[in-house]
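Here's the structure, in structure tokens; my notes come after.
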Amino acid sequence: MNVQKNPQFNQFSRMKIRQENLKNNTMMSFVIGVVITLIIACIGFYFFLPAINFKSIQFWAFLLGVGAVYLIVQALVFSVRKEKENLKWIALVECILFVCMVLGSITSMRFFHAKEYSSILKVDDGSTEDIPSVSGTSSIALMDTASAEKLGDRKIGSLSDVVSQFNVGEYMQIDYQNSPIKVAPLQYDGFFKWFGNHENGIPGYVKVNPVTMDAEYVAMTNKMKYVPSAYLNENLERHIRFAYPTTMFTNLHFEIDEEGNPWYIASTYTNSISLFGGKKITGAILVNPIDGTMTKLDVKDVPRWTDIIYPGNLIVDQYNDSAKLHRGFLNSIFGQIDCRQTTTVEIKNEDGDKSYRTDYGYIAKDGDIWIYTGVTSVNGDSSNIGFIMANERTSETKFILASGADEGSGMHSAEGEVQEKGYHASFPSLINVDGTPTYIMVLKDDNGLVKMYACVNVEQYNMVVTAYNQKDAIEQYRRLLKGEISTEQANQEKNETVDTSNYKEKEITVAKLEKIDISGNTYLYIIDTDQNIYKAKYADVIKMITVNVGDKITIKTDGTYYLYE
């Protein structure tokens with residue numbers, strides 16, 4: 001019998017060959033699909049940098065994305081019809097991952113864990129003695145970030161070799177050699193500026209003293225290479241992630257140590273409630289941006305010079321949980337018995353639209369930076385029932401019982417005292433003046449330059465004193481508290497004194513001279529050829545009587561007031 005001519009045998013052979021080919025094709029498509037998916041997953045990890053940690057929601061989203069990529073690869077490149085069973089298993093795994101992520105999010109909600117959320121931040125009782133006294137006002141950081149940015153940008157703008165390649169990064173409030181300063185690194189201005197400069201690195205950083213209003217550019221001998229604004233492997237977040245792939249970190253920011261050496265610091269954390277809830281800071285990663293060396297430390301082991309391990313926004317959120325949820329979630333929504341929250345301030349955008357957000361001031365105390373903000377009831381009135389002060393290095397938090405106006409009301413009172421000037425108050429800080437809680441703040445012009453200082457009584461916010469320097473404002477305020485002068489007298493005396501400590505010489509060409517009488521005083525206004533306006537009491541610049549329109553003169557000015565000698 002000729003087997004090769006047997007039709008049944010030939011059909012069986014062809015079926016067996018097809019099965020072998022199908023098996024080989026299935027295995028080949030699976031291997032190629034996995035390889036392509038892994039390549040895309042590695043690229044995705046390189047750019048998105050999720051922590052490989054099941055308590056990171058970004059990691060779950062990354063796994064879902066990898067599964068979706070595999071399904072798409074199989075669907076586009078290979079025959080889905082032949083691998084339907086295999087794809088079913090992948091789709092099932094995708095569904096399980098999605099359900100787990102949703103359940104993890106739901107079970108992390110405050111609705112189920114109100115007590116746990118309310119106990120994350122430990123809040124101790126404090127007293128007005130914890131508020132810095134008037135004698136320590138040199139440690140009060142009154143300058144807001146916007147003003148620091150203007151001073152820093154002006155300083156960098158004078159350095160042509162720097163301003164053309166770099167811009168100034170985010171300012172951080174730190175304690176440097178027992179004084180508060182704001183510090184910000186230079187950063188690359190985009191990919192091409194990084195590409196052209198990354199071999200040399202970032203050349204320096206900016207320091208702004210919020211007490212003296214001075215800005216300083218610090219040029220470095222050894223440049224910073226590993227920074228957040230860099231790209232590829234020099235990007236700081238990527239550099240940290242590759243060293244600590246399973247560690248969740250946040251609050252990546254710039255600080256300097258007591259010798260002025262630059263550091264980047266990231267706070268490490270874990271989620272203490274279910275999978276994704278109850279963020280708890282566990283330590284910090286300190287990175288030397290010059291050579292990229294780094295150290296991961298527990299909270300108790302971080303160096304004393306570090307200032308921001310617990311970011312202010314996180315402390316405020318955790319305090320709000322503590323103040324609202326201690327009687328349960330439902331009470332925080334409906335009954336709201338004994339519920340409190342941090343105060344919010346009104347913010348206007350360029351279109352004049354209003355919004356409200358939590359803000360806080362800074363206090364340098366005992367070598368650390370403390371944040372402070374008011375505490376009010378949840379009904380949204382304009383009064384405080386107290387304040388919290390929190391240490392950004394240790395998270396030590398104190399509640400100080402002291403009723404009075406909230407920060408927004410204090411700011412409006414100060415602005416009202418100088419309404420004819422149109423100045424704007426920055427968020428105040430808190431000081432203790434002879435046992436009286438007091439808001440102290442700066443008043444700025446439309447250009448963001450600090451022009452005056454104001455003290456406002458927390459309990460009686462109609463008691464306001466403004467002056468051209470901090471010392472005079474406090475001295476007049478103390479006299480007001482003692483009843484030696486009235487509010488009108490305090491601010492009248494202020495109008496008779498102008499702080500000239502920050503005046504700088506400027507050469508101008510006079511375009512117009514104008515004398516105007518205000519409240520019994522004669523002021524001489526100058527308009528220069530650049531349309532800048534300067535004013536002074538005529539009695540203080542009597543030599544201007546010899547100046548005519550068109551003359552080129554040298555004055556000393558802060559941009560608003562002037563002297564001519």
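By order of appearance in the structure tokens: chains A, B, ..., then residues from 1 within every chain, and ligands from 1 in the order shown.
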
Residues near segment 293-310 of chain A, cut-off 9 Å, only C-alpha atoms, skip fewer than 6 positions along chain, as a VMD selection string: chain A and resid 172 to 177 240 243 to 244 251 253 255 to 258 265 to 268 281 to 287 367 to 370 391 to 395

Print the selection's residues with C-alpha atoms to a file, as a compact mmCIF listing (two decimals), in the first residue's frame.
# COMPACT_ATOMS: atom_id res chain seq x y z
CA MET A 172 11.69 78.73 49.08
CA GLN A 173 11.57 80.28 52.55
CA ILE A 174 14.41 78.93 54.68
CA ASP A 175 16.40 79.85 57.78
CA TYR A 176 19.99 80.67 56.90
CA GLN A 177 22.44 81.43 59.70
CA ILE A 240 16.32 60.06 42.12
CA ALA A 243 18.36 55.33 42.54
CA TYR A 244 15.19 54.65 44.58
CA ASN A 251 8.10 68.27 47.67
CA HIS A 253 12.78 71.74 46.28
CA GLU A 255 17.74 74.74 49.86
CA ILE A 256 21.23 75.77 50.97
CA ASP A 257 23.10 74.67 54.07
CA GLU A 258 24.77 76.99 56.60
CA ILE A 265 15.60 67.89 49.02
CA ALA A 266 12.67 65.53 48.40
CA SER A 267 10.32 64.40 51.16
CA THR A 268 9.65 60.65 51.20
CA ILE A 281 6.12 61.92 55.62
CA THR A 282 8.74 59.29 56.48
CA GLY A 283 12.00 61.06 55.73
CA ALA A 284 13.94 62.88 53.05
CA ILE A 285 16.33 62.35 50.17
CA LEU A 286 19.18 64.89 50.10
CA VAL A 287 20.83 65.36 46.70
CA GLY A 367 16.73 77.91 63.59
CA ASP A 368 13.60 76.48 61.95
CA ILE A 369 10.92 77.84 59.65
CA TRP A 370 7.41 77.81 61.10
CA ASN A 391 7.39 73.57 62.16
CA GLU A 392 8.15 72.58 58.56
CA ARG A 393 11.10 70.42 59.62
CA THR A 394 9.48 68.40 62.42
CA SER A 395 5.71 68.99 61.85

List as a list in words the protein and nucleic acid residues near Asp530 of chain A, meaning an atom at most 12 Å away when only C-alpha atoms are counted, but skip any in the same chain fewer than 2 places from it.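 The residues that qualify are Glu507, Ile508, Thr509, Val510, Ala511, Lys512, Ile526, Ile527, Asp528, Asn532, Ile533 and Tyr534 of chain A.
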
Could you take the residues named above and write them with C-alpha atoms, as a PDB file, in the first residue's frame?
ATOM      1  CA  GLU A 507      19.949 110.822  36.557  1.00  0.00           C
ATOM      2  CA  ILE A 508      16.792 112.201  34.937  1.00  0.00           C
ATOM      3  CA  THR A 509      15.774 114.921  32.500  1.00  0.00           C
ATOM      4  CA  VAL A 510      12.969 117.101  33.830  1.00  0.00           C
ATOM      5  CA  ALA A 511       9.934 117.227  31.538  1.00  0.00           C
ATOM      6  CA  LYS A 512       7.520 118.921  33.955  1.00  0.00           C
ATOM      7  CA  ILE A 526       8.677 115.902  38.874  1.00  0.00           C
ATOM      8  CA  ILE A 527       7.777 114.170  35.630  1.00  0.00           C
ATOM      9  CA  ASP A 528      10.841 113.023  33.689  1.00  0.00           C
ATOM     10  CA  ASN A 532       8.091 108.594  35.596  1.00  0.00           C
ATOM     11  CA  ILE A 533       6.560 110.612  38.430  1.00  0.00           C
ATOM     12  CA  TYR A 534       8.426 111.524  41.634  1.00  0.00           C
TER      13      TYR A 534
END

Can you list, as a list in words, every protein, DNA or RNA residue that comes within 12 Å of Ile337 of chain A when you count only C-alpha atoms, leaving out same-chain residues fewer than 5 positions away?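 Residues meeting the cut-off are Ala323, Lys324, Leu325, His326, Arg327, Gly328, Phe329, Leu330, Asn331, Ser332, Ser377, Val378 and Asn379 of chain A.
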
Write a file of the selected residues as a short mmCIF file (atom, residue, chain, number, x, y, z; two decimals), in the first residue's frame, keeping N, CA and C atoms.
data_model
loop_
_atom_site.label_atom_id
_atom_site.label_comp_id
_atom_site.auth_asym_id
_atom_site.auth_seq_id
_atom_site.Cartn_x
_atom_site.Cartn_y
_atom_site.Cartn_z
N ALA A 323 -9.23 69.17 62.30
CA ALA A 323 -10.21 70.09 62.87
C ALA A 323 -11.63 69.80 62.42
N LYS A 324 -11.79 69.12 61.29
CA LYS A 324 -13.14 68.86 60.77
C LYS A 324 -13.65 67.45 61.06
N LEU A 325 -12.74 66.47 61.08
CA LEU A 325 -13.16 65.07 61.10
C LEU A 325 -13.12 64.42 62.47
N HIS A 326 -12.73 65.15 63.52
CA HIS A 326 -12.55 64.52 64.82
C HIS A 326 -13.86 64.03 65.43
N ARG A 327 -15.01 64.52 64.93
CA ARG A 327 -16.31 64.00 65.38
C ARG A 327 -16.99 63.15 64.30
N GLY A 328 -16.23 62.74 63.30
CA GLY A 328 -16.78 61.89 62.26
C GLY A 328 -17.03 62.64 60.97
N PHE A 329 -17.13 61.88 59.89
CA PHE A 329 -17.29 62.47 58.56
C PHE A 329 -18.64 63.16 58.41
N LEU A 330 -19.71 62.51 58.84
CA LEU A 330 -21.05 63.08 58.67
C LEU A 330 -21.18 64.40 59.42
N ASN A 331 -20.59 64.49 60.59
CA ASN A 331 -20.64 65.75 61.34
C ASN A 331 -19.91 66.87 60.59
N SER A 332 -18.85 66.51 59.85
CA SER A 332 -18.11 67.53 59.11
C SER A 332 -18.92 68.10 57.96
N SER A 377 -14.15 79.28 62.12
CA SER A 377 -15.22 78.29 62.04
C SER A 377 -15.52 78.00 60.57
N VAL A 378 -16.23 76.90 60.32
CA VAL A 378 -16.49 76.51 58.94
C VAL A 378 -17.62 77.29 58.29
N ASN A 379 -18.25 78.22 59.03
CA ASN A 379 -19.36 78.96 58.44
C ASN A 379 -18.90 80.11 57.57
#

Please identify which residues in segment 316-528 of chain A DSSP calls helix (DSSP H, G or I) from the backbone, and express them as a ChimeraX atom specification. /A:316-325,329-333,407-417,470-481,487-495

So the first atom is atom CA of Tyr46 of chain A and the second is atom CA of Gly65 of chain A; what is the distance between them in Å, to one decimal place?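 Atom CA of Tyr46 of chain A sits 14.0 Å away from atom CA of Gly65 of chain A.
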
Report as a ChimeraX atom specification all protein, DNA and RNA residues lying within 10 Å of segment 416-428 of chain A, evaluated on only C-alpha atoms, omitting residues in the same chain fewer than 3 positions from it. /A:140-147,345,359-362,372-373,407-408,410-413,431,438-456,462,464-466,487-488,491
